[in-house]
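Here is the structure we will look at.
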Amino acid sequence: MKTDLQLQQDVMDELLWEPSLESAEIGVSVNDGVITLSGTVNSYTKKLAAEKAAKRVKDVRAVAMDIEVHFLNGESRSDTDVAHAGLNALSWSTVVPKDSVTMKVEDGWLTLDGEVEWQYQKQAAENLVKDLQGVKGVTNLIRLRPVPTRSIVKDNIRKALERSADVEADSINIVAEGHNIILQGKVRSWGERNEVEKAAWATPGVVNVKDDLIIAP
């Protein structure tokens with residue numbers, strides 16, 4: 001395992017490598033392996049980019065986000081403008097079903113609600129609005145509608161994990177409870193954890209994935 005000082009330097013180097021960020025924007029501190037990112041950025045997208053960059057670093061187990069989003073002069077938008085822009089973005093989408101998602105905006109924070117059939121549609125709705133000017137954050141409360149004609153097959157998830165070069169499938173336990181999947185076991189990194197989650201979400205009929213995986217490099 002790396003020392004806190006080594007982890008701090010690796011995270012700082014990864015942030016420097018991220019093209020969407022200015023190195024002076026983000027501060028990095030480490031306490032007993034927990035990374036804390038602090039500072040101010042002018043978009044929610046940058047905040048997400050900083051979090052993803054930190055999680056890409058090997059041996060990082062937890063990330064605390066103390067980054068705030070503050071807009072420069074001329075960059076702020078009223079909640080009404082943000083809501084209109086968000087609804088327009090969703091209306092032009094060929095992925096998110098029409099009228100399936102509702103939206104609330106409060107002080108620049110956007111909350112999505114509604115119901116769709118697939119996880120990729122839920123994620124697409126969030127991706128469409130998170131980069132809009134004036135957005136400080138997004139809460140995605142969109143629910144997945146069960147597909148009663150398709151059963152959840154653990155073997156399909158297991159085979160998907162075994163096909164992946166980035167996943168140690170033997171370390172993963174899959175528990176199916178109705179339309180819900182529980183992932184248990186150990187992974188080596190945040191990247192491997194994400195790959196396991198993707199495999200579970202890709203199974204027809206899955207409406208919820210509980211990630212109980214432990215990162216143990």
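Starting from 1 in every chain, residues are counted up; chains themselves are A, B, ... following the order of the structure tokens, and ligands are numbered from 1 as listed.
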I'd like the neighbourhood of Ala199 of chain A as a PDB file with C-alpha atoms, in the first residue's frame, where a residue qualifies if any of its atoms comes within 9 Å (using only C-alpha atoms), though same-chain residues fewer than 2 positions away should be ignored.
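Output (out26.pdb):
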ATOM      1  CA  ASN A 156     -25.295 -14.006 -18.034  1.00  0.00           C
ATOM      2  CA  ILE A 157     -23.726 -11.528 -15.635  1.00  0.00           C
ATOM      3  CA  ARG A 158     -21.101 -14.070 -14.639  1.00  0.00           C
ATOM      4  CA  ALA A 160     -19.931 -11.026 -18.972  1.00  0.00           C
ATOM      5  CA  LEU A 161     -17.496 -10.673 -16.082  1.00  0.00           C
ATOM      6  CA  ASN A 194     -17.170   0.205 -12.483  1.00  0.00           C
ATOM      7  CA  GLU A 195     -16.766  -2.640 -14.982  1.00  0.00           C
ATOM      8  CA  VAL A 196     -18.561  -5.054 -12.660  1.00  0.00           C
ATOM      9  CA  GLU A 197     -21.430  -2.587 -12.186  1.00  0.00           C
ATOM     10  CA  TRP A 201     -26.750  -3.030 -15.332  1.00  0.00           C
ATOM     11  CA  ALA A 202     -26.556  -4.472 -18.862  1.00  0.00           C
ATOM     12  CA  THR A 203     -28.753  -7.420 -17.875  1.00  0.00           C
TER      13      THR A 203
END
When DSSP works through the backbone of this structure, what residues of segment 69-205 of chain A end up as strand (DSSP E or B), shown as an MDAnalysis selection string?
chainID A and resid 69 101:106 109:116 137:140 143:144 172:177 180:187
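Minimum atom-to-atom distance to Leu72 of chain A, evaluated using only C-alpha atoms, belongs to A:Val41 out of A:Ala125, A:Val11, A:Ile182, A:Val41.
For Val105 of chain A, the non-local neighbours within 7 Å, defined as residues at least 6 positions apart in the same chain or in other chains and counting only C-alpha atoms, are Asp79, Ala83 and Thr111 of chain A.
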Same residues, C-alpha atoms, saved as a PDB file, in the first residue's frame:
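The result, written out as again.pdb:
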ATOM      1  CA  ASP A  79     -33.173  28.512 -12.423  1.00  0.00           C
ATOM      2  CA  ALA A  83     -34.907  24.384 -16.535  1.00  0.00           C
ATOM      3  CA  THR A 111     -33.082  17.058  -9.883  1.00  0.00           C
TER       4      THR A 111
END
Taking 5 positions as the minimum chain separation for residues in the same chain, which residues sit within 10 Å of Asn140 of chain A when counting only C-alpha atoms? Answer as a PyMOL selection string.
chain A and resi 103+110-114+122-123+125-126
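Taking atom CA of Glu75 of chain A and atom CA of Gly39 of chain A as endpoints, the distance between them is 18.2 Å.
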So that I can check the surroundings of Ile215 of chain A, please list as a CSV table (one decimal) with N, CA, C and O atoms, in the first residue's frame every protein, DNA and RNA residue that reaches within 8 Å of it, counting only C-alpha atoms and ignoring chain neighbours fewer than 3 positions away.
chain,number,residue,atom,x,y,z
A,61,ARG,N,-9.2,4.4,-2.1
A,61,ARG,CA,-10.4,3.7,-1.7
A,61,ARG,C,-11.6,4.6,-1.4
A,61,ARG,O,-12.7,4.1,-1.5
A,186,LYS,N,-14.4,-8.7,-3.7
A,186,LYS,CA,-13.3,-7.8,-3.7
A,186,LYS,C,-12.9,-7.4,-5.2
A,186,LYS,O,-12.9,-8.3,-6.0
A,187,VAL,N,-12.6,-6.2,-5.4
A,187,VAL,CA,-12.0,-5.7,-6.6
A,187,VAL,C,-10.7,-5.0,-6.4
A,187,VAL,O,-10.4,-4.6,-5.2
A,188,ARG,N,-9.9,-4.8,-7.4
A,188,ARG,CA,-8.6,-4.2,-7.2
A,188,ARG,C,-8.5,-2.7,-7.4
A,188,ARG,O,-7.6,-2.0,-7.0
A,189,SER,N,-9.6,-2.1,-8.0
A,189,SER,CA,-9.6,-0.7,-8.2
A,189,SER,C,-11.0,-0.1,-8.5
A,189,SER,O,-11.9,-0.9,-8.7
A,190,TRP,N,-11.1,1.2,-8.5
A,190,TRP,CA,-12.4,1.8,-8.9
A,190,TRP,C,-12.8,1.4,-10.3
A,190,TRP,O,-14.0,1.2,-10.6
A,193,ARG,N,-14.3,-2.0,-10.3
A,193,ARG,CA,-15.6,-1.9,-9.7
A,193,ARG,C,-16.6,-1.4,-10.7
A,193,ARG,O,-17.8,-1.9,-10.8
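By only C-alpha atoms, and with residues fewer than 5 positions from Trp92 of chain A along its chain excluded, the set lying at most 10 Å from it is A:Leu87, A:Lys98, A:Leu128.
The residue that comes closest to Asn173 of chain A, out of A:Lys136, A:Asn31, A:Thr102, A:Asp211 and on the basis of only C-alpha atoms, is A:Asp211.
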With distances taken over only C-alpha atoms, which residue among A:Ser164, A:Gly108, A:Ala53, A:Glu68 lies nearest Lys130 of chain A?
A:Gly108
If you run DSSP on the backbone, which residues of segment 30-166 of chain A are alpha helix (DSSP H), as a PyMOL selection string?
chain A and resi 44-56+79-91+119-130+154-163
